[in-house]
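A short worksheet on the structure shown next.
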Amino acid sequence: MGFFEGFSKIVFVISYVLWAGGGLTVSLLMIPMKDPRTEPQVQGYLHAFWQTIRIPAAALSFVVLGAAITMAIIVSASLLWSSIFSLSWFLTFLFWLMADRLMKSGGSDPRSMVEVHKRSFHAYLVMADISIFLSMLSVAFMLL
């Protein structure tokens with residue numbers, strides 16, 4: 001294994017674990033946003049949490065994509081699994097973007113988000129989690 005091959009694998013694995021684990025954790029933490037009985041103070045904390053992590057999450061998403069492309073070129077990973085990974089990455093990023101738009105539609109007060117938007121917000125996060133699981137499968141086969 002060459003230096004660049006080993007380095008790209010290490011960067012990819014570390015950034016991917018942070019990306020996938022962070023995405024799943026955020027989805028779990030944001031579950032109370034769906035419930036209309038959640039206290040306004042908790043909704044405010046969750047809204048502030050979302051606003052805090054959205055930029056680093058987007059940056060880490062692009063690091064993961066760049067490392068995956070580098071691995072596909074340098075390590076010559078399977079074209080099929082690299083394509084499936086890229087598709088699942090794109091879907092995850094798209095669902096996170098749609099969830100972010102709904103969160104921004106609530107303005108600075110998350111209580112102003114309509115209940116339909118809260119359910120859609122949760123649905124986008126669930127679909128992003130499904131895409132993350134698909135990417136996990138493709139990564140397992142890509143790294144074989």
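By order of appearance in the structure tokens: chains A, B, ..., then residues from 1 within every chain, and ligands from 1 in the order shown.
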
* Using the chain letters and numbers from this document, which residues of chain A does DSSP assign to alpha helix (DSSP H), as a count of residues only? -> 117

* To do: Give me the residues within 10 Å of A:Trp96 as a ChimeraX atom specification, counting only C-alpha atoms and dropping any in the same chain fewer than 2 places off.
  => /A:23,54,57-58,90-94,98-102,121,124-129

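Taking atom CA of A:Ser27 and atom CA of A:Arg119 as endpoints, the distance between them is 12.9 Å.
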
* **Counting only C-alpha atoms, the residue of A:Val11, A:Ala48, A:Met136, A:Ala20 that sits nearest A:Ser61** => A:Ala20

* Asked: What lies within 10 Å of A:Val13 using only C-alpha atoms, ignoring chain neighbours under 4 positions off, as a PyMOL selection string?
  -> chain A and resi 7-9+17-19+64+67-68+139+143

With C-alpha atoms retained, write the just-selected residues as a compact mmCIF listing (two decimals), in the first residue's frame.
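Writing the result to out_9.txt gives the following:
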```
# COMPACT_ATOMS: atom_id res chain seq x y z
CA PHE A 7 -3.55 8.33 3.61
CA SER A 8 -6.70 8.59 1.46
CA LYS A 9 -8.19 5.51 3.15
CA VAL A 17 -17.42 7.77 10.51
CA LEU A 18 -17.88 11.35 11.70
CA TRP A 19 -20.29 12.12 8.85
CA VAL A 64 -16.22 12.78 2.61
CA ALA A 67 -12.01 11.51 -0.06
CA ALA A 68 -14.35 9.03 -1.76
CA VAL A 139 -18.59 1.66 1.65
CA LEU A 143 -13.28 -1.03 0.87
```

Contacts of A:Leu46 within 10 Å, only C-alpha atoms, excl. fewer than 2 positions in-chain, as an mmCIF file with N, CA, C and O atoms, in the first residue's frame:
```cif
data_model
loop_
_atom_site.group_PDB
_atom_site.id
_atom_site.type_symbol
_atom_site.label_atom_id
_atom_site.label_comp_id
_atom_site.auth_asym_id
_atom_site.auth_seq_id
_atom_site.Cartn_x
_atom_site.Cartn_y
_atom_site.Cartn_z
ATOM 1 N N VAL A 26 -27.711 13.214 15.004
ATOM 2 C CA VAL A 26 -28.532 14.420 14.883
ATOM 3 C C VAL A 26 -29.993 14.042 14.637
ATOM 4 O O VAL A 26 -30.905 14.640 15.203
ATOM 5 N N LEU A 29 -31.436 13.107 17.908
ATOM 6 C CA LEU A 29 -31.612 14.255 18.801
ATOM 7 C C LEU A 29 -32.760 15.160 18.358
ATOM 8 O O LEU A 29 -33.350 15.851 19.182
ATOM 9 N N MET A 30 -33.067 15.164 17.070
ATOM 10 C CA MET A 30 -34.105 16.065 16.564
ATOM 11 C C MET A 30 -35.505 15.452 16.606
ATOM 12 O O MET A 30 -36.468 16.103 16.196
ATOM 13 N N ILE A 31 -35.652 14.237 17.095
ATOM 14 C CA ILE A 31 -36.968 13.596 17.171
ATOM 15 C C ILE A 31 -37.989 14.444 17.947
ATOM 16 O O ILE A 31 -39.141 14.549 17.524
ATOM 17 N N PRO A 32 -37.617 15.092 19.074
ATOM 18 C CA PRO A 32 -38.616 15.907 19.790
ATOM 19 C C PRO A 32 -39.198 17.060 18.975
ATOM 20 O O PRO A 32 -40.269 17.570 19.317
ATOM 21 N N MET A 33 -38.530 17.476 17.901
ATOM 22 C CA MET A 33 -39.081 18.565 17.081
ATOM 23 C C MET A 33 -40.392 18.160 16.429
ATOM 24 O O MET A 33 -41.216 19.010 16.106
ATOM 25 N N PRO A 40 -41.421 24.609 24.487
ATOM 26 C CA PRO A 40 -40.803 25.609 23.602
ATOM 27 C C PRO A 40 -39.310 25.803 23.875
ATOM 28 O O PRO A 40 -38.539 26.025 22.954
ATOM 29 N N GLN A 41 -38.914 25.684 25.149
ATOM 30 C CA GLN A 41 -37.498 25.854 25.477
ATOM 31 C C GLN A 41 -36.657 24.753 24.829
ATOM 32 O O GLN A 41 -35.593 25.016 24.283
ATOM 33 N N VAL A 42 -37.151 23.517 24.851
ATOM 34 C CA VAL A 42 -36.437 22.406 24.225
ATOM 35 C C VAL A 42 -36.381 22.613 22.719
ATOM 36 O O VAL A 42 -35.345 22.384 22.087
ATOM 37 N N GLN A 43 -37.482 23.053 22.117
ATOM 38 C CA GLN A 43 -37.482 23.327 20.683
ATOM 39 C C GLN A 43 -36.474 24.419 20.340
ATOM 40 O O GLN A 43 -35.795 24.355 19.318
ATOM 41 N N GLY A 44 -36.368 25.405 21.203
ATOM 42 C CA GLY A 44 -35.384 26.472 20.996
ATOM 43 C C GLY A 44 -33.960 25.950 21.048
ATOM 44 O O GLY A 44 -33.113 26.327 20.229
ATOM 45 N N ALA A 48 -31.316 25.938 17.958
ATOM 46 C CA ALA A 48 -29.969 26.508 18.074
ATOM 47 C C ALA A 48 -28.910 25.454 17.737
ATOM 48 O O ALA A 48 -27.904 25.755 17.089
ATOM 49 N N PHE A 49 -29.152 24.217 18.163
ATOM 50 C CA PHE A 49 -28.232 23.118 17.861
ATOM 51 C C PHE A 49 -28.143 22.913 16.352
ATOM 52 O O PHE A 49 -27.053 22.765 15.794
ATOM 53 N N TRP A 50 -29.294 22.915 15.681
ATOM 54 C CA TRP A 50 -29.307 22.741 14.220
ATOM 55 C C TRP A 50 -28.540 23.863 13.531
ATOM 56 O O TRP A 50 -27.763 23.626 12.609
ATOM 57 N N GLN A 51 -28.754 25.094 13.983
ATOM 58 C CA GLN A 51 -28.069 26.234 13.373
ATOM 59 C C GLN A 51 -26.561 26.155 13.592
ATOM 60 O O GLN A 51 -25.787 26.588 12.745
ATOM 61 N N THR A 52 -26.153 25.562 14.718
ATOM 62 C CA THR A 52 -24.731 25.452 15.030
ATOM 63 C C THR A 52 -24.034 24.412 14.171
ATOM 64 O O THR A 52 -22.902 24.611 13.740
ATOM 65 N N PRO A 110 -38.598 28.247 16.491
ATOM 66 C CA PRO A 110 -39.030 26.965 15.930
ATOM 67 C C PRO A 110 -40.501 26.663 16.165
ATOM 68 O O PRO A 110 -41.088 25.848 15.476
#
```

* Asked: Rounded to one decimal in Å, what is the spacing between atom CA of A:Phe12 and atom CA of A:Leu60?
  ->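 For atom CA of A:Phe12 relative to atom CA of A:Leu60, the distance reads 10.7 Å.
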
* To do: Using atom CA of A:Ser86 and atom CA of A:Ala59 as the two end points, give the distance in Å to one decimal.
  =>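 Computing the Euclidean distance for atom CA of A:Ser86 and atom CA of A:Ala59 yields 16.0 Å.
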